[in-house]
>>> print(open('run-v6.json').read())   # JSON, C-alpha atoms and all ligand atoms
[["chain", "number", "residue", "atom", "x", "y", "z"],
["A", 110, "MET", "CA", 28.15, -0.06, 7.98],
["A", 111, "ALA", "CA", 25.86, -3.03, 8.45],
["A", 112, "LEU", "CA", 22.49, -2.29, 9.96],
["A", 113, "LYS", "CA", 20.85, -4.44, 12.59],
["A", 114, "TYR", "CA", 17.69, -6.19, 11.40],
["A", 115, "SER", "CA", 15.38, -4.20, 13.63],
["A", 116, "ARG", "CA", 17.02, -0.95, 12.52],
["A", 117, "GLN", "CA", 16.64, -1.90, 8.84],
["A", 118, "ARG", "CA", 12.96, -2.50, 9.39],
["A", 119, "GLN", "CA", 12.53, 0.85, 11.12],
["A", 120, "VAL", "CA", 14.40, 2.71, 8.36],
["A", 121, "ILE", "CA", 12.15, 1.11, 5.73],
["A", 122, "LYS", "CA", 9.01, 1.88, 7.69],
["A", 123, "ASP", "CA", 10.13, 5.46, 8.36],
["A", 124, "PHE", "CA", 10.68, 6.00, 4.65],
["A", 125, "LEU", "CA", 7.28, 4.54, 3.77],
["A", 126, "MET", "CA", 5.63, 6.90, 6.25],
["A", 127, "THR", "CA", 6.92, 9.88, 4.25],
["A", 128, "ARG", "CA", 5.15, 8.67, 1.11],
["A", 129, "LYS", "CA", 1.51, 8.88, 0.12],
["A", 130, "ASP", "CA", 1.94, 7.29, -3.33],
["A", 131, "HIS", "CA", 2.03, 3.62, -2.30],
["A", 132, "PRO", "CA", 5.52, 2.82, -3.60],
["A", 133, "THR", "CA", 6.70, -0.59, -4.77],
["A", 134, "ALA", "CA", 9.63, -2.41, -3.15],
["A", 135, "ASP", "CA", 11.88, -1.13, -5.98],
["A", 136, "VAL", "CA", 11.04, 2.48, -5.21],
["A", 137, "VAL", "CA", 11.56, 1.96, -1.46],
["A", 138, "TYR", "CA", 14.89, 0.28, -2.21],
["A", 139, "MET", "CA", 16.15, 3.08, -4.50],
["A", 140, "ASN", "CA", 15.37, 5.70, -1.87],
["A", 141, "VAL", "CA", 16.61, 3.86, 1.23],
["A", 142, "LYS", "CA", 19.81, 2.92, -0.64],
["A", 143, "ARG", "CA", 20.81, 6.58, -0.92],
["A", 144, "GLU", "CA", 21.30, 6.70, 2.82],
["A", 145, "TYR", "CA", 22.21, 3.04, 3.37],
["A", 146, "PRO", "CA", 24.17, 1.94, 0.27],
["A", 147, "ASN", "CA", 24.72, -1.60, 1.58],
["A", 148, "ILE", "CA", 21.08, -2.51, 1.82],
["A", 149, "SER", "CA", 19.85, -5.03, -0.79],
["A", 150, "LEU", "CA", 16.57, -5.19, -2.66],
["A", 151, "GLY", "CA", 15.97, -8.61, -1.11],
["A", 152, "THR", "CA", 16.33, -7.15, 2.38],
["A", 153, "VAL", "CA", 13.93, -4.33, 1.57],
["A", 154, "TYR", "CA", 11.40, -6.75, 0.11],
["A", 155, "ARG", "CA", 11.64, -9.17, 3.04],
["A", 156, "ASN", "CA", 11.17, -6.38, 5.56],
["A", 157, "LEU", "CA", 8.20, -4.91, 3.69],
["A", 158, "SER", "CA", 6.61, -8.36, 3.62],
["A", 159, "LEU", "CA", 7.27, -8.86, 7.30],
["A", 160, "LEU", "CA", 5.85, -5.44, 8.21],
["A", 161, "ALA", "CA", 2.75, -6.21, 6.13],
["A", 162, "ASN", "CA", 2.33, -9.59, 7.83],
["A", 163, "LEU", "CA", 2.65, -7.88, 11.22],
["A", 164, "GLY", "CA", -0.08, -5.43, 10.20],
["A", 165, "GLU", "CA", 2.25, -2.43, 10.61],
["A", 166, "ILE", "CA", 1.84, -1.49, 6.95],
["A", 167, "GLN", "CA", -0.58, -2.49, 4.18],
["A", 168, "ARG", "CA", 0.33, -4.52, 1.11],
["A", 169, "LEU", "CA", -1.79, -3.52, -1.88],
["A", 170, "GLN", "CA", -2.28, -5.87, -4.83],
["A", 171, "VAL", "CA", -4.04, -3.69, -7.34],
["A", 172, "GLY", "CA", -3.84, -5.98, -10.36],
["A", 173, "ASP", "CA", -0.58, -4.82, -11.94],
["A", 174, "GLY", "CA", 1.35, -7.82, -10.59],
["A", 175, "ILE", "CA", 3.54, -5.66, -8.34],
["A", 176, "ASP", "CA", 3.03, -5.25, -4.60],
["A", 177, "HIS", "CA", 2.51, -1.67, -3.45],
["A", 178, "PHE", "CA", 3.00, -0.66, 0.17],
["A", 179, "ASP", "CA", 1.13, 1.81, 2.36],
["A", 180, "ALA", "CA", 2.17, 2.97, 5.84],
["A", 181, "ASP", "CA", -1.39, 4.14, 6.44],
["A", 182, "THR", "CA", -3.16, 1.14, 7.97],
["A", 183, "SER", "CA", -6.43, 2.95, 8.58],
["A", 184, "ARG", "CA", -9.35, 1.70, 6.53],
["A", 185, "HIS", "CA", -9.42, 3.56, 3.24],
["A", 186, "TYR", "CA", -10.10, 2.93, -0.43],
["A", 187, "HIS", "CA", -7.70, 3.37, -3.32],
["A", 188, "VAL", "CA", -8.06, 4.36, -6.93],
["A", 189, "VAL", "CA", -5.68, 2.95, -9.53],
["A", 190, "CYS", "CA", -4.97, 5.02, -12.64],
["A", 191, "THR", "CA", -5.46, 2.97, -15.81],
["A", 192, "LYS", "CA", -3.07, 5.27, -17.70],
["A", 193, "CYS", "CA", -0.02, 5.70, -15.42],
["A", 194, "GLY", "CA", -0.67, 3.02, -12.79],
["A", 195, "SER", "CA", -0.55, 5.46, -9.87],
["A", 196, "VAL", "CA", -2.33, 4.40, -6.67],
["A", 197, "THR", "CA", -4.07, 7.24, -4.81],
["A", 198, "ASP", "CA", -5.94, 7.37, -1.50],
["A", 199, "LEU", "CA", -9.62, 8.18, -1.67],
["A", 200, "ALA", "CA", -11.00, 10.38, 1.06],
["A", 201, "MET", "CA", -14.12, 8.65, 2.26],
["A", 202, "ASP", "CA", -15.73, 8.09, 5.63],
["A", 203, "SER", "CA", -16.36, 4.53, 6.83],
["A", 204, "THR", "CA", -20.12, 4.52, 6.08],
["A", 205, "PRO", "CA", -19.98, 3.03, 2.56],
["A", 206, "TYR", "CA", -17.46, 0.46, 3.74],
["A", 207, "ASP", "CA", -19.66, -0.72, 6.61],
["A", 208, "GLU", "CA", -22.82, -0.57, 4.50],
["A", 209, "LEU", "CA", -21.35, -2.79, 1.80],
["A", 210, "THR", "CA", -20.02, -5.28, 4.35],
["A", 211, "ASN", "CA", -23.41, -5.41, 6.11],
["A", 212, "THR", "CA", -25.32, -5.81, 2.84],
["A", 213, "VAL", "CA", -23.17, -8.77, 1.80],
["A", 214, "ASN", "CA", -23.39, -10.26, 5.30],
["A", 215, "ALA", "CA", -27.17, -10.25, 5.19],
["A", 216, "ASP", "CA", -27.20, -12.85, 2.39],
["A", 217, "PHE", "CA", -24.21, -14.91, 3.50],
["A", 218, "GLU", "CA", -24.34, -18.04, 5.66],
["A", 219, "GLY", "CA", -21.04, -17.36, 7.37],
["A", 220, "ILE", "CA", -19.51, -14.12, 8.58],
["A", 221, "ILE", "CA", -18.08, -11.48, 6.27],
["A", 222, "GLU", "CA", -15.33, -9.67, 8.15],
["A", 223, "GLY", "CA", -14.39, -7.04, 5.61],
["A", 224, "HIS", "CA", -13.56, -6.39, 1.99],
["A", 225, "VAL", "CA", -10.88, -4.94, -0.24],
["A", 226, "THR", "CA", -12.00, -2.81, -3.15],
["A", 227, "TYR", "CA", -9.95, -0.93, -5.70],
["A", 228, "PHE", "CA", -11.44, 1.72, -7.93],
["A", 229, "TYR", "CA", -10.03, 2.15, -11.43],
["A", 230, "GLY", "CA", -10.02, 5.35, -13.44],
["A", 231, "ILE", "CA", -7.87, 8.22, -14.63],
["A", 232, "CYS", "CA", -5.88, 10.17, -12.05],
["A", 233, "GLY", "CA", -5.85, 13.97, -11.83],
["A", 234, "ASN", "CA", -2.45, 14.29, -13.52],
["A", 235, "CYS", "CA", -3.40, 12.10, -16.48],
["A", 236, "HIS", "CA", -6.79, 13.77, -16.73],
["A", 237, "LYS", "CA", -5.10, 17.19, -17.14],
["A", 238, "LYS", "CA", -3.11, 15.82, -20.09],
["A", 239, "LEU", "CA", -6.17, 14.48, -21.96],
["B", 1, "ZN", "ZN", -2.45, 8.63, -14.04],
["B", 2, "ZN", "ZN", -3.47, 4.22, 0.95]]
>>> encode(input="run-v6.json", output="structure tokens")
Amino acid sequence: MALKYSRQRQVIKDFLMTRKDHPTADVVYMNVKREYPNISLGTVYRNLSLLANLGEIQRLQVGDGIDHFDADTSRHYHVVCTKCGSVTDLAMDSTPYDELTNTVNADFEGIIEGHVTYFYGICGNCHKKL
């Protein structure tokens, strides 16, 4: 059964909303395919890109050369594991975010509107195995 474009997009977004681990397009594809075997990786990737451009999801470029996607569009920081590459949400209120933006703004001629910061370290799972 062929899915309508809008339905495809919703299915992809619905799946992403069930995940907290910031999956790549490949992971989204492998999971959505179980229910919709006719969907292609290209379709999944295009829809993820479109959703990110619309601001309905976040695209994360953490330095591993692969886009990760996040259905949580609220302002939050991420930590990237240098051992396994996992991307985890950091619980943090907005104070440090605003403070850093304001500090940088104070010495900048133009207007700083925001920033993207990734923390790097060793995740809880990898830490347990050390
Ligand atoms: Zn790890
Ligand atoms: Zn996140």
>>> atom_distance(input="run-v6.json", atom1="CA of Lys129 (chain A)", atom2="atom ZN of ligand ZN 2 (chain B)")
6.9 Å
>>> residues_around(input="run-v6.json", residues="region 164-166 of chain A", least_positions_apart="4", cutoff="10 Å", atoms="only C-alpha atoms", output="ChimeraX atom specification")
/A:122,125-126,157-160,178-183
>>> atom_distance(input="run-v6.json", atom1="CA of Ser203 (chain A)", atom2="CA of Val171 (chain A)")
20.5 Å
>>> closest_residue(input="run-v6.json", among="A:Glu144, A:Asp207, A:Asp198, A:Glu222", to="ligand ZN 2 (chain B)", atoms="only C-alpha atoms and all ligand atoms")
A:Asp198
>>> residues_near_ligand(input="run-v6.json", ligand="ligand ZN 1 (chain B)", cutoff="12 Å", atoms="only C-alpha atoms and all ligand atoms", output="short mmCIF file (atom, residue, chain, number, x, y, z; two decimals) with C-alpha atoms, keeping the file's coordinate frame")
data_model
loop_
_atom_site.label_atom_id
_atom_site.label_comp_id
_atom_site.auth_asym_id
_atom_site.auth_seq_id
_atom_site.Cartn_x
_atom_site.Cartn_y
_atom_site.Cartn_z
CA ASP A 130 1.94 7.29 -3.33
CA VAL A 188 -8.06 4.36 -6.93
CA VAL A 189 -5.68 2.95 -9.53
CA CYS A 190 -4.97 5.02 -12.64
CA THR A 191 -5.46 2.97 -15.81
CA LYS A 192 -3.07 5.27 -17.70
CA CYS A 193 -0.02 5.70 -15.42
CA GLY A 194 -0.67 3.02 -12.79
CA SER A 195 -0.55 5.46 -9.87
CA VAL A 196 -2.33 4.40 -6.67
CA THR A 197 -4.07 7.24 -4.81
CA TYR A 229 -10.03 2.15 -11.43
CA GLY A 230 -10.02 5.35 -13.44
CA ILE A 231 -7.87 8.22 -14.63
CA CYS A 232 -5.88 10.17 -12.05
CA GLY A 233 -5.85 13.97 -11.83
CA ASN A 234 -2.45 14.29 -13.52
CA CYS A 235 -3.40 12.10 -16.48
CA HIS A 236 -6.79 13.77 -16.73
CA LYS A 237 -5.10 17.19 -17.14
CA LYS A 238 -3.11 15.82 -20.09
CA LEU A 239 -6.17 14.48 -21.96
#
>>> residues_around(input="run-v6.json", residues="Leu209 (chain A)", least_positions_apart="3", cutoff="12 Å", atoms="all atoms listed in the file", output="PyMOL selection string")
chain A and resi 203-206+212-216+221-226
>>> atom_distance(input="run-v6.json", atom1="CA of His177 (chain A)", atom2="CA of Pro132 (chain A)")
5.4 Å
>>> axis_aligned_box(input="run-v6.json", around="region 218-234 of chain A", padding_each_side="3 Å", output="AutoDock Vina command-line options")
--center_x -13.4 --center_y -1.9 --center_z -3.0 --size_x 27.9 --size_y 38.3 --size_z 29.2
>>> residues_around(input="run-v6.json", residues="Val120 (chain A)", least_positions_apart="3", cutoff="12 Å", atoms="only C-alpha atoms", output="NGL selection string")
:A and (112-117 or 123-127 or 137-138 or 140-145 or 148 or 152-153 or 156-157 or 160)
>>> closest_residue(input="run-v6.json", among="A:Met139, A:Leu199, A:Ile220, A:Ala161", to="ligand ZN 2 (chain B)", atoms="all atoms listed in the file")
A:Leu199
>>> closest_residue(input="run-v6.json", among="A:Arg118, A:Arg168, A:His131, A:Arg155", to="ligand ZN 2 (chain B)", atoms="only C-alpha atoms and all ligand atoms")
A:His131
>>> closest_residue(input="run-v6.json", among="A:Val136, A:Arg128, A:Ser149, A:Gly219", to="ligand ZN 2 (chain B)", atoms="only C-alpha atoms and all ligand atoms")
A:Arg128
>>> closest_residue(input="run-v6.json", among="A:Gln167, A:Asn162, A:Asn147, A:Thr133", to="ligand ZN 2 (chain B)", atoms="all atoms listed in the file")
A:Gln167
>>> closest_residue(input="run-v6.json", among="A:Asp202, A:Asn211, A:Glu218, A:Tyr186", to="ligand ZN 2 (chain B)", atoms="all atoms listed in the file")
A:Tyr186
